[in-house]
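Below: one structure, written as structure tokens.
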Amino acid sequence: MAVPSPSPLPTPTLIQLAAKHAGACLELDRAALGGIWSLAQWQRELEEKARPGLGLRQGQELLAMACGWLVVDELHITLVAVAPGHRRLGLGSRILQELMQAGRRSGATRATLEVSATNGPGKGLYEALGFRTAGIRRGYYRSGDDALIQWVNLKT
């Protein structure tokens with residue numbers, strides 16, 4: 001008797017993050033990044049108009065998120081996170097591309113982010129999306145890791 005193959009999971013829904021999502025963002029932040037922001041910081045982040053935040057949700061579960069800050073014509077990407085159990089499924093690439101498109105629609109011509117020099121998966125994702133290292137911040141992270149400052153052109 002053949003075992004039926006599991007049905008594929010539905011495609012996660014793209015959402016605009018808002019203050020009401022602060023708790024879910026905090027939970028994903030803790031699970032994926034070790035908790036870089038407090039609940040109060042999340043609430044402030046999600047209330048700011050110049051700080052776009054997008055999420056990928058399946059049901060009520062937030063699977064991935066990306067946040068940024070629009071500074072004149074630049075999108076400063078402050079965070080990209082994917083739930084540990086949902087990594088390597090393209091969610092990080094999808095959410096980051098969506099954030100970059102949102103930045104482009106808001107007038108950003110370039111995007112920048114910082115990634116730990118030891119974060120191989122992150123560096124691979126950003127390189128695949130066209131980011132290139134333009135500088136290094138020595139000992140930037142709590143761990144003592146260096147941060148690679150990366151940029152990409154958003155003009156089409």
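Naming works like this for the structure tokens: A, B, ... for the chains as they're shown, residue 1 at the start of each chain, ligands 1 onward in shown order.
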
Could you please write out, as a PyMOL selection string, every residue of chain A that DSSP assigns to alpha helix (DSSP H)? chain A and resi 22-33+39-47+91-105+120-128

As a PDB file with all heavy atoms, in the first residue's frame, which residues of segment 51-136 of chain A does DSSP assign to strand (DSSP E or B)?
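Done, and the output landed in out_10.pdb:
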ATOM      1  N   GLY A  53       8.048  47.583   7.391  1.00  0.00           N
ATOM      2  CA  GLY A  53       8.225  46.233   7.908  1.00  0.00           C
ATOM      3  C   GLY A  53       7.234  45.301   7.240  1.00  0.00           C
ATOM      4  O   GLY A  53       6.052  45.623   7.134  1.00  0.00           O
ATOM      5  N   LEU A  54       7.737  44.174   6.763  1.00  0.00           N
ATOM      6  CA  LEU A  54       6.890  43.200   6.088  1.00  0.00           C
ATOM      7  C   LEU A  54       7.075  41.837   6.742  1.00  0.00           C
ATOM      8  O   LEU A  54       8.142  41.536   7.276  1.00  0.00           O
ATOM      9  CB  LEU A  54       7.255  43.098   4.604  1.00  0.00           C
ATOM     10  CG  LEU A  54       7.087  44.370   3.784  1.00  0.00           C
ATOM     11  CD1 LEU A  54       7.626  44.158   2.374  1.00  0.00           C
ATOM     12  CD2 LEU A  54       5.630  44.798   3.747  1.00  0.00           C
ATOM     13  N   GLY A  55       6.033  41.033   6.676  1.00  0.00           N
ATOM     14  CA  GLY A  55       6.107  39.687   7.226  1.00  0.00           C
ATOM     15  C   GLY A  55       5.496  38.677   6.292  1.00  0.00           C
ATOM     16  O   GLY A  55       4.704  39.022   5.409  1.00  0.00           O
ATOM     17  N   LEU A  56       5.870  37.432   6.490  1.00  0.00           N
ATOM     18  CA  LEU A  56       5.243  36.306   5.805  1.00  0.00           C
ATOM     19  C   LEU A  56       4.586  35.464   6.887  1.00  0.00           C
ATOM     20  O   LEU A  56       5.248  35.020   7.824  1.00  0.00           O
ATOM     21  CB  LEU A  56       6.280  35.474   5.033  1.00  0.00           C
ATOM     22  CG  LEU A  56       6.893  36.145   3.826  1.00  0.00           C
ATOM     23  CD1 LEU A  56       8.013  35.287   3.241  1.00  0.00           C
ATOM     24  CD2 LEU A  56       5.825  36.431   2.763  1.00  0.00           C
ATOM     25  N   ARG A  57       3.290  35.289   6.741  1.00  0.00           N
ATOM     26  CA  ARG A  57       2.506  34.615   7.763  1.00  0.00           C
ATOM     27  C   ARG A  57       1.800  33.408   7.163  1.00  0.00           C
ATOM     28  O   ARG A  57       1.320  33.452   6.039  1.00  0.00           O
ATOM     29  CB  ARG A  57       1.495  35.602   8.341  1.00  0.00           C
ATOM     30  CG  ARG A  57       0.733  35.061   9.516  1.00  0.00           C
ATOM     31  CD  ARG A  57      -0.101  36.108  10.164  1.00  0.00           C
ATOM     32  NE  ARG A  57      -1.150  36.558   9.257  1.00  0.00           N
ATOM     33  CZ  ARG A  57      -1.950  37.586   9.485  1.00  0.00           C
ATOM     34  NH1 ARG A  57      -1.808  38.301  10.579  1.00  0.00           N
ATOM     35  NH2 ARG A  57      -2.873  37.923   8.634  1.00  0.00           N
ATOM     36  N   GLN A  58       1.725  32.354   7.956  1.00  0.00           N
ATOM     37  CA  GLN A  58       0.941  31.173   7.592  1.00  0.00           C
ATOM     38  C   GLN A  58      -0.030  30.951   8.741  1.00  0.00           C
ATOM     39  O   GLN A  58       0.396  30.662   9.861  1.00  0.00           O
ATOM     40  CB  GLN A  58       1.862  29.978   7.399  1.00  0.00           C
ATOM     41  CG  GLN A  58       1.252  28.880   6.583  1.00  0.00           C
ATOM     42  CD  GLN A  58       2.335  27.949   6.105  1.00  0.00           C
ATOM     43  OE1 GLN A  58       3.056  27.382   6.922  1.00  0.00           O
ATOM     44  NE2 GLN A  58       2.448  27.788   4.809  1.00  0.00           N
ATOM     45  N   GLU A  61       0.839  32.262  12.366  1.00  0.00           N
ATOM     46  CA  GLU A  61       2.274  32.174  12.660  1.00  0.00           C
ATOM     47  C   GLU A  61       3.092  33.059  11.727  1.00  0.00           C
ATOM     48  O   GLU A  61       2.989  32.964  10.504  1.00  0.00           O
ATOM     49  CB  GLU A  61       2.748  30.724  12.531  1.00  0.00           C
ATOM     50  CG  GLU A  61       4.191  30.540  12.927  1.00  0.00           C
ATOM     51  CD  GLU A  61       4.678  29.105  12.784  1.00  0.00           C
ATOM     52  OE1 GLU A  61       3.933  28.249  12.265  1.00  0.00           O
ATOM     53  OE2 GLU A  61       5.817  28.844  13.184  1.00  0.00           O
ATOM     54  N   LEU A  62       3.908  33.909  12.304  1.00  0.00           N
ATOM     55  CA  LEU A  62       4.824  34.753  11.542  1.00  0.00           C
ATOM     56  C   LEU A  62       6.076  33.928  11.259  1.00  0.00           C
ATOM     57  O   LEU A  62       6.797  33.546  12.173  1.00  0.00           O
ATOM     58  CB  LEU A  62       5.165  36.013  12.348  1.00  0.00           C
ATOM     59  CG  LEU A  62       6.011  37.062  11.643  1.00  0.00           C
ATOM     60  CD1 LEU A  62       5.298  37.608  10.394  1.00  0.00           C
ATOM     61  CD2 LEU A  62       6.335  38.199  12.608  1.00  0.00           C
ATOM     62  N   LEU A  63       6.311  33.635   9.979  1.00  0.00           N
ATOM     63  CA  LEU A  63       7.420  32.773   9.583  1.00  0.00           C
ATOM     64  C   LEU A  63       8.686  33.542   9.231  1.00  0.00           C
ATOM     65  O   LEU A  63       9.793  33.030   9.378  1.00  0.00           O
ATOM     66  CB  LEU A  63       7.031  31.910   8.380  1.00  0.00           C
ATOM     67  CG  LEU A  63       5.802  31.029   8.518  1.00  0.00           C
ATOM     68  CD1 LEU A  63       5.561  30.258   7.238  1.00  0.00           C
ATOM     69  CD2 LEU A  63       5.943  30.104   9.707  1.00  0.00           C
ATOM     70  N   ALA A  64       8.515  34.752   8.700  1.00  0.00           N
ATOM     71  CA  ALA A  64       9.664  35.560   8.276  1.00  0.00           C
ATOM     72  C   ALA A  64       9.273  37.024   8.355  1.00  0.00           C
ATOM     73  O   ALA A  64       8.098  37.368   8.244  1.00  0.00           O
ATOM     74  CB  ALA A  64      10.078  35.195   6.853  1.00  0.00           C
ATOM     75  N   MET A  65      10.301  37.862   8.523  1.00  0.00           N
ATOM     76  CA  MET A  65      10.047  39.305   8.545  1.00  0.00           C
ATOM     77  C   MET A  65      11.306  40.030   8.099  1.00  0.00           C
ATOM     78  O   MET A  65      12.421  39.514   8.203  1.00  0.00           O
ATOM     79  CB  MET A  65       9.615  39.767   9.932  1.00  0.00           C
ATOM     80  CG  MET A  65      10.626  39.563  11.014  1.00  0.00           C
ATOM     81  SD  MET A  65       9.957  40.058  12.622  1.00  0.00           S
ATOM     82  CE  MET A  65      11.216  39.411  13.722  1.00  0.00           C
ATOM     83  N   ALA A  66      11.087  41.226   7.593  1.00  0.00           N
ATOM     84  CA  ALA A  66      12.182  42.113   7.214  1.00  0.00           C
ATOM     85  C   ALA A  66      11.735  43.536   7.506  1.00  0.00           C
ATOM     86  O   ALA A  66      10.598  43.908   7.211  1.00  0.00           O
ATOM     87  CB  ALA A  66      12.541  41.948   5.740  1.00  0.00           C
ATOM     88  N   CYS A  67      12.633  44.304   8.092  1.00  0.00           N
ATOM     89  CA  CYS A  67      12.331  45.685   8.457  1.00  0.00           C
ATOM     90  C   CYS A  67      13.438  46.592   7.929  1.00  0.00           C
ATOM     91  O   CYS A  67      14.579  46.166   7.758  1.00  0.00           O
ATOM     92  CB  CYS A  67      12.242  45.839   9.972  1.00  0.00           C
ATOM     93  SG  CYS A  67      10.944  44.862  10.729  1.00  0.00           S
ATOM     94  N   GLY A  68      13.077  47.839   7.709  1.00  0.00           N
ATOM     95  CA  GLY A  68      14.056  48.793   7.228  1.00  0.00           C
ATOM     96  C   GLY A  68      13.731  50.187   7.697  1.00  0.00           C
ATOM     97  O   GLY A  68      12.775  50.415   8.446  1.00  0.00           O
ATOM     98  N   TRP A  69      14.526  51.112   7.217  1.00  0.00           N
ATOM     99  CA  TRP A  69      14.378  52.508   7.568  1.00  0.00           C
ATOM    100  C   TRP A  69      14.697  53.301   6.323  1.00  0.00           C
ATOM    101  O   TRP A  69      15.780  53.157   5.747  1.00  0.00           O
ATOM    102  CB  TRP A  69      15.339  52.835   8.698  1.00  0.00           C
ATOM    103  CG  TRP A  69      15.208  54.175   9.328  1.00  0.00           C
ATOM    104  CD1 TRP A  69      14.246  55.104   9.102  1.00  0.00           C
ATOM    105  CD2 TRP A  69      16.078  54.736  10.308  1.00  0.00           C
ATOM    106  NE1 TRP A  69      14.454  56.202   9.893  1.00  0.00           N
ATOM    107  CE2 TRP A  69      15.588  56.004  10.641  1.00  0.00           C
ATOM    108  CE3 TRP A  69      17.226  54.280  10.944  1.00  0.00           C
ATOM    109  CZ2 TRP A  69      16.199  56.824  11.571  1.00  0.00           C
ATOM    110  CZ3 TRP A  69      17.828  55.109  11.867  1.00  0.00           C
ATOM    111  CH2 TRP A  69      17.319  56.361  12.181  1.00  0.00           C
ATOM    112  N   LEU A  70      13.751  54.114   5.879  1.00  0.00           N
ATOM    113  CA  LEU A  70      13.963  54.946   4.702  1.00  0.00           C
ATOM    114  C   LEU A  70      14.641  56.243   5.116  1.00  0.00           C
ATOM    115  O   LEU A  70      14.109  56.986   5.943  1.00  0.00           O
ATOM    116  CB  LEU A  70      12.636  55.240   4.005  1.00  0.00           C
ATOM    117  CG  LEU A  70      11.988  54.032   3.349  1.00  0.00           C
ATOM    118  CD1 LEU A  70      10.541  54.329   2.985  1.00  0.00           C
ATOM    119  CD2 LEU A  70      12.771  53.605   2.121  1.00  0.00           C
ATOM    120  N   VAL A  71      15.812  56.483   4.573  1.00  0.00           N
ATOM    121  CA  VAL A  71      16.579  57.699   4.842  1.00  0.00           C
ATOM    122  C   VAL A  71      16.837  58.346   3.479  1.00  0.00           C
ATOM    123  O   VAL A  71      17.660  57.862   2.713  1.00  0.00           O
ATOM    124  CB  VAL A  71      17.900  57.399   5.566  1.00  0.00           C
ATOM    125  CG1 VAL A  71      18.671  58.679   5.833  1.00  0.00           C
ATOM    126  CG2 VAL A  71      17.656  56.622   6.849  1.00  0.00           C
ATOM    127  N   GLU A  74      17.665  56.113   0.484  1.00  0.00           N
ATOM    128  CA  GLU A  74      18.300  54.853   0.859  1.00  0.00           C
ATOM    129  C   GLU A  74      17.382  54.037   1.767  1.00  0.00           C
ATOM    130  O   GLU A  74      16.721  54.585   2.645  1.00  0.00           O
ATOM    131  CB  GLU A  74      19.613  55.104   1.607  1.00  0.00           C
ATOM    132  CG  GLU A  74      20.657  55.790   0.771  1.00  0.00           C
ATOM    133  CD  GLU A  74      21.886  56.159   1.577  1.00  0.00           C
ATOM    134  OE1 GLU A  74      21.880  56.046   2.830  1.00  0.00           O
ATOM    135  OE2 GLU A  74      22.867  56.582   0.948  1.00  0.00           O
ATOM    136  N   LEU A  75      17.390  52.737   1.564  1.00  0.00           N
ATOM    137  CA  LEU A  75      16.689  51.807   2.435  1.00  0.00           C
ATOM    138  C   LEU A  75      17.739  51.139   3.310  1.00  0.00           C
ATOM    139  O   LEU A  75      18.587  50.396   2.808  1.00  0.00           O
ATOM    140  CB  LEU A  75      15.939  50.752   1.621  1.00  0.00           C
ATOM    141  CG  LEU A  75      15.296  49.610   2.422  1.00  0.00           C
ATOM    142  CD1 LEU A  75      14.215  50.143   3.354  1.00  0.00           C
ATOM    143  CD2 LEU A  75      14.739  48.554   1.482  1.00  0.00           C
ATOM    144  N   HIS A  76      17.711  51.458   4.604  1.00  0.00           N
ATOM    145  CA  HIS A  76      18.631  50.830   5.561  1.00  0.00           C
ATOM    146  C   HIS A  76      17.899  49.625   6.154  1.00  0.00           C
ATOM    147  O   HIS A  76      16.958  49.803   6.929  1.00  0.00           O
ATOM    148  CB  HIS A  76      19.026  51.827   6.647  1.00  0.00           C
ATOM    149  CG  HIS A  76      19.894  52.924   6.142  1.00  0.00           C
ATOM    150  ND1 HIS A  76      21.177  53.110   6.569  1.00  0.00           N
ATOM    151  CD2 HIS A  76      19.669  53.880   5.204  1.00  0.00           C
ATOM    152  CE1 HIS A  76      21.714  54.140   5.926  1.00  0.00           C
ATOM    153  NE2 HIS A  76      20.810  54.631   5.102  1.00  0.00           N
ATOM    154  N   ILE A  77      18.312  48.441   5.773  1.00  0.00           N
ATOM    155  CA  ILE A  77      17.657  47.217   6.231  1.00  0.00           C
ATOM    156  C   ILE A  77      18.178  46.900   7.623  1.00  0.00           C
ATOM    157  O   ILE A  77      19.371  46.700   7.825  1.00  0.00           O
ATOM    158  CB  ILE A  77      17.914  46.066   5.241  1.00  0.00           C
ATOM    159  CG1 ILE A  77      17.300  46.445   3.881  1.00  0.00           C
ATOM    160  CG2 ILE A  77      17.342  44.757   5.779  1.00  0.00           C
ATOM    161  CD1 ILE A  77      17.767  45.610   2.726  1.00  0.00           C
ATOM    162  N   THR A  78      17.264  46.901   8.575  1.00  0.00           N
ATOM    163  CA  THR A  78      17.648  46.743   9.975  1.00  0.00           C
ATOM    164  C   THR A  78      17.536  45.311  10.466  1.00  0.00           C
ATOM    165  O   THR A  78      18.162  44.957  11.478  1.00  0.00           O
ATOM    166  CB  THR A  78      16.791  47.647  10.872  1.00  0.00           C
ATOM    167  OG1 THR A  78      15.407  47.347  10.656  1.00  0.00           O
ATOM    168  CG2 THR A  78      17.055  49.116  10.576  1.00  0.00           C
ATOM    169  N   LEU A  79      16.743  44.485   9.774  1.00  0.00           N
ATOM    170  CA  LEU A  79      16.506  43.144  10.292  1.00  0.00           C
ATOM    171  C   LEU A  79      15.913  42.251   9.214  1.00  0.00           C
ATOM    172  O   LEU A  79      15.038  42.691   8.456  1.00  0.00           O
ATOM    173  CB  LEU A  79      15.521  43.252  11.460  1.00  0.00           C
ATOM    174  CG  LEU A  79      15.074  41.988  12.131  1.00  0.00           C
ATOM    175  CD1 LEU A  79      15.070  42.197  13.630  1.00  0.00           C
ATOM    176  CD2 LEU A  79      13.714  41.581  11.653  1.00  0.00           C
ATOM    177  N   VAL A  80      16.399  41.034   9.141  1.00  0.00           N
ATOM    178  CA  VAL A  80      15.802  39.969   8.331  1.00  0.00           C
ATOM    179  C   VAL A  80      15.812  38.730   9.214  1.00  0.00           C
ATOM    180  O   VAL A  80      16.857  38.370   9.756  1.00  0.00           O
ATOM    181  CB  VAL A  80      16.595  39.695   7.032  1.00  0.00           C
ATOM    182  CG1 VAL A  80      15.965  38.555   6.245  1.00  0.00           C
ATOM    183  CG2 VAL A  80      16.709  40.951   6.179  1.00  0.00           C
ATOM    184  N   ALA A  81      14.662  38.102   9.398  1.00  0.00           N
ATOM    185  CA  ALA A  81      14.587  36.921  10.257  1.00  0.00           C
ATOM    186  C   ALA A  81      13.640  35.893   9.655  1.00  0.00           C
ATOM    187  O   ALA A  81      12.595  36.243   9.109  1.00  0.00           O
ATOM    188  CB  ALA A  81      14.090  37.313  11.644  1.00  0.00           C
ATOM    189  N   VAL A  82      14.024  34.625   9.783  1.00  0.00           N
ATOM    190  CA  VAL A  82      13.191  33.504   9.346  1.00  0.00           C
ATOM    191  C   VAL A  82      13.130  32.510  10.500  1.00  0.00           C
ATOM    192  O   VAL A  82      14.162  32.203  11.125  1.00  0.00           O
ATOM    193  CB  VAL A  82      13.774  32.821   8.084  1.00  0.00           C
ATOM    194  CG1 VAL A  82      12.938  31.609   7.691  1.00  0.00           C
ATOM    195  CG2 VAL A  82      13.862  33.812   6.927  1.00  0.00           C
ATOM    196  N   ARG A 110      19.013  52.890  -3.403  1.00  0.00           N
ATOM    197  CA  ARG A 110      20.020  51.956  -2.903  1.00  0.00           C
ATOM    198  C   ARG A 110      19.533  51.367  -1.589  1.00  0.00           C
ATOM    199  O   ARG A 110      18.703  51.958  -0.906  1.00  0.00           O
ATOM    200  CB  ARG A 110      21.358  52.665  -2.641  1.00  0.00           C
ATOM    201  CG  ARG A 110      21.938  53.305  -3.856  1.00  0.00           C
ATOM    202  CD  ARG A 110      23.315  53.928  -3.682  1.00  0.00           C
ATOM    203  NE  ARG A 110      23.652  54.457  -2.390  1.00  0.00           N
ATOM    204  CZ  ARG A 110      24.883  54.418  -1.857  1.00  0.00           C
ATOM    205  NH1 ARG A 110      25.872  53.883  -2.521  1.00  0.00           N
ATOM    206  NH2 ARG A 110      25.126  54.947  -0.683  1.00  0.00           N
ATOM    207  N   ALA A 111      20.073  50.201  -1.257  1.00  0.00           N
ATOM    208  CA  ALA A 111      19.767  49.581   0.032  1.00  0.00           C
ATOM    209  C   ALA A 111      21.071  49.150   0.679  1.00  0.00           C
ATOM    210  O   ALA A 111      22.032  48.781  -0.009  1.00  0.00           O
ATOM    211  CB  ALA A 111      18.845  48.380  -0.140  1.00  0.00           C
ATOM    212  N   THR A 112      21.092  49.204   2.000  1.00  0.00           N
ATOM    213  CA  THR A 112      22.275  48.802   2.758  1.00  0.00           C
ATOM    214  C   THR A 112      21.852  47.953   3.951  1.00  0.00           C
ATOM    215  O   THR A 112      20.716  48.048   4.430  1.00  0.00           O
ATOM    216  CB  THR A 112      23.088  50.033   3.230  1.00  0.00           C
ATOM    217  OG1 THR A 112      24.290  49.580   3.856  1.00  0.00           O
ATOM    218  CG2 THR A 112      22.299  50.909   4.176  1.00  0.00           C
ATOM    219  N   LEU A 113      22.770  47.129   4.399  1.00  0.00           N
ATOM    220  CA  LEU A 113      22.562  46.311   5.593  1.00  0.00           C
ATOM    221  C   LEU A 113      23.915  45.934   6.155  1.00  0.00           C
ATOM    222  O   LEU A 113      24.951  46.140   5.513  1.00  0.00           O
ATOM    223  CB  LEU A 113      21.724  45.069   5.291  1.00  0.00           C
ATOM    224  CG  LEU A 113      22.194  44.115   4.187  1.00  0.00           C
ATOM    225  CD1 LEU A 113      23.334  43.229   4.626  1.00  0.00           C
ATOM    226  CD2 LEU A 113      21.023  43.257   3.741  1.00  0.00           C
ATOM    227  N   GLU A 114      23.895  45.393   7.351  1.00  0.00           N
ATOM    228  CA  GLU A 114      25.097  44.867   7.978  1.00  0.00           C
ATOM    229  C   GLU A 114      24.853  43.403   8.287  1.00  0.00           C
ATOM    230  O   GLU A 114      23.763  43.026   8.708  1.00  0.00           O
ATOM    231  CB  GLU A 114      25.419  45.640   9.260  1.00  0.00           C
ATOM    232  CG  GLU A 114      25.826  47.062   8.971  1.00  0.00           C
ATOM    233  CD  GLU A 114      25.646  47.993  10.143  1.00  0.00           C
ATOM    234  OE1 GLU A 114      24.939  47.622  11.106  1.00  0.00           O
ATOM    235  OE2 GLU A 114      26.187  49.097  10.091  1.00  0.00           O
ATOM    236  N   VAL A 115      25.874  42.587   8.042  1.00  0.00           N
ATOM    237  CA  VAL A 115      25.778  41.160   8.302  1.00  0.00           C
ATOM    238  C   VAL A 115      27.062  40.715   8.993  1.00  0.00           C
ATOM    239  O   VAL A 115      28.150  41.211   8.679  1.00  0.00           O
ATOM    240  CB  VAL A 115      25.530  40.358   7.001  1.00  0.00           C
ATOM    241  CG1 VAL A 115      26.650  40.550   5.987  1.00  0.00           C
ATOM    242  CG2 VAL A 115      25.316  38.876   7.284  1.00  0.00           C
ATOM    243  N   SER A 116      26.927  39.804   9.929  1.00  0.00           N
ATOM    244  CA  SER A 116      28.100  39.285  10.621  1.00  0.00           C
ATOM    245  C   SER A 116      29.022  38.586   9.623  1.00  0.00           C
ATOM    246  O   SER A 116      28.566  37.815   8.763  1.00  0.00           O
ATOM    247  CB  SER A 116      27.686  38.296  11.708  1.00  0.00           C
ATOM    248  OG  SER A 116      28.825  37.638  12.248  1.00  0.00           O
ATOM    249  N   ARG A 132      26.877  43.800  -2.163  1.00  0.00           N
ATOM    250  CA  ARG A 132      28.330  43.711  -2.198  1.00  0.00           C
ATOM    251  C   ARG A 132      28.902  44.423  -0.971  1.00  0.00           C
ATOM    252  O   ARG A 132      28.390  45.463  -0.552  1.00  0.00           O
ATOM    253  CB  ARG A 132      28.903  44.351  -3.471  1.00  0.00           C
ATOM    254  CG  ARG A 132      28.430  43.687  -4.758  1.00  0.00           C
ATOM    255  CD  ARG A 132      28.960  42.248  -4.874  1.00  0.00           C
ATOM    256  NE  ARG A 132      28.440  41.574  -6.054  1.00  0.00           N
ATOM    257  CZ  ARG A 132      27.478  40.654  -6.049  1.00  0.00           C
ATOM    258  NH1 ARG A 132      26.891  40.307  -4.919  1.00  0.00           N
ATOM    259  NH2 ARG A 132      27.091  40.067  -7.160  1.00  0.00           N
ATOM    260  N   THR A 133      29.971  43.870  -0.410  1.00  0.00           N
ATOM    261  CA  THR A 133      30.593  44.453   0.775  1.00  0.00           C
ATOM    262  C   THR A 133      31.345  45.722   0.404  1.00  0.00           C
ATOM    263  O   THR A 133      32.141  45.736  -0.523  1.00  0.00           O
ATOM    264  CB  THR A 133      31.545  43.436   1.430  1.00  0.00           C
ATOM    265  OG1 THR A 133      30.770  42.289   1.824  1.00  0.00           O
ATOM    266  CG2 THR A 133      32.229  44.029   2.658  1.00  0.00           C
ATOM    267  N   ALA A 134      31.068  46.785   1.162  1.00  0.00           N
ATOM    268  CA  ALA A 134      31.709  48.081   0.918  1.00  0.00           C
ATOM    269  C   ALA A 134      32.543  48.536   2.110  1.00  0.00           C
ATOM    270  O   ALA A 134      33.241  49.535   2.017  1.00  0.00           O
ATOM    271  CB  ALA A 134      30.645  49.130   0.600  1.00  0.00           C
ATOM    272  N   GLY A 135      32.464  47.817   3.231  1.00  0.00           N
ATOM    273  CA  GLY A 135      33.231  48.206   4.409  1.00  0.00           C
ATOM    274  C   GLY A 135      33.056  47.200   5.532  1.00  0.00           C
ATOM    275  O   GLY A 135      32.247  46.271   5.426  1.00  0.00           O
ATOM    276  N   ILE A 136      33.814  47.394   6.589  1.00  0.00           N
ATOM    277  CA  ILE A 136      33.778  46.494   7.744  1.00  0.00           C
ATOM    278  C   ILE A 136      33.726  47.326   9.018  1.00  0.00           C
ATOM    279  O   ILE A 136      34.438  48.330   9.148  1.00  0.00           O
ATOM    280  CB  ILE A 136      35.028  45.589   7.787  1.00  0.00           C
ATOM    281  CG1 ILE A 136      35.082  44.695   6.533  1.00  0.00           C
ATOM    282  CG2 ILE A 136      35.046  44.737   9.051  1.00  0.00           C
ATOM    283  CD1 ILE A 136      36.350  43.872   6.430  1.00  0.00           C
TER     284      ILE A 136
END

Between A:Gly59, A:Leu125, A:Tyr140, A:Ala22, which residue has the minimum interatomic distance to Arg44 of chain A, considering only C-alpha atoms? A:Ala22

Which one is closest to Arg87 of chain A: A:Pro121, A:Ala147, A:Ala50, A:Lys20? Count only C-alpha atoms. A:Pro121

Record the distance separating atom CA of Leu17 of chain A and atom CA of Glu47 of chain A, expressed in Å with one decimal. 9.2 Å

Contacts of Ala31 of chain A within 9 Å, only C-alpha atoms, excl. fewer than 3 positions in-chain, as a CSV table (one decimal) with all heavy atoms, in the first residue's frame:
chain,number,residue,atom,x,y,z
A,26,LEU,N,8.4,40.0,18.2
A,26,LEU,CA,9.2,39.8,19.4
A,26,LEU,C,9.5,38.3,19.5
A,26,LEU,O,10.7,37.8,19.6
A,26,LEU,CB,8.6,40.3,20.7
A,26,LEU,CG,9.4,40.0,21.9
A,26,LEU,CD1,10.7,40.7,21.9
A,26,LEU,CD2,8.6,40.4,23.2
A,27,GLU,N,8.5,37.5,19.3
A,27,GLU,CA,8.6,36.0,19.4
A,27,GLU,C,9.5,35.5,18.3
A,27,GLU,O,10.4,34.7,18.5
A,27,GLU,CB,7.2,35.4,19.3
A,27,GLU,CG,7.2,33.9,19.5
A,27,GLU,CD,5.8,33.3,19.4
A,27,GLU,OE1,4.9,33.9,20.1
A,27,GLU,OE2,5.6,32.4,18.7
A,28,LEU,N,9.4,36.0,17.0
A,28,LEU,CA,10.2,35.5,15.9
A,28,LEU,C,11.6,36.0,16.1
A,28,LEU,O,12.6,35.3,15.9
A,28,LEU,CB,9.6,36.0,14.6
A,28,LEU,CG,10.5,35.6,13.4
A,28,LEU,CD1,10.8,34.1,13.3
A,28,LEU,CD2,9.7,36.0,12.1
A,34,GLY,N,17.8,35.6,18.6
A,34,GLY,CA,18.3,35.6,20.0
A,34,GLY,C,17.7,36.8,20.8
A,34,GLY,O,18.1,37.1,21.9
A,35,GLY,N,16.8,37.6,20.2
A,35,GLY,CA,16.1,38.7,20.9
A,35,GLY,C,16.9,39.9,20.8
A,35,GLY,O,17.5,40.4,21.8
A,82,VAL,N,14.0,34.6,9.8
A,82,VAL,CA,13.2,33.5,9.3
A,82,VAL,C,13.1,32.5,10.5
A,82,VAL,O,14.2,32.2,11.1
A,82,VAL,CB,13.8,32.8,8.1
A,82,VAL,CG1,12.9,31.6,7.7
A,82,VAL,CG2,13.9,33.8,6.9
A,83,ALA,N,11.9,32.0,10.8
A,83,ALA,CA,11.8,31.1,11.9
A,83,ALA,C,12.7,29.9,11.6
A,83,ALA,O,12.8,29.4,10.5
A,83,ALA,CB,10.3,30.6,11.9
A,84,PRO,N,13.4,29.4,12.7
A,84,PRO,CA,14.3,28.3,12.5
A,84,PRO,C,13.8,27.1,11.8
A,84,PRO,O,14.5,26.5,10.9
A,84,PRO,CB,14.8,28.0,13.9
A,84,PRO,CG,14.6,29.3,14.7
A,84,PRO,CD,13.4,29.9,14.0

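Distance check against Arg30 of chain A using only C-alpha atoms: of A:Ile15, A:Ser143, A:Lys155, A:Trp42, the minimum falls on A:Trp42.
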
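For the pair atom CA of Arg94 of chain A and atom CA of Phe131 of chain A, the interatomic distance is 15.0 Å.
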
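Comparing A:Gly130, A:Gly85, A:Gly144, A:Gly103 by their smallest distance to Ala117 of chain A, the closest is A:Gly144 (using only C-alpha atoms).
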
Quick one: pull the distance between atom CA of Asn119 of chain A and atom CA of Gly92 of chain A, Å, one decimal. 13.8 Å

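Remark: for Arg104 of chain A, the closest of the candidate residues A:Val72, A:Arg137, A:Trp37, A:Pro10 is A:Val72 (distances computed over only C-alpha atoms).
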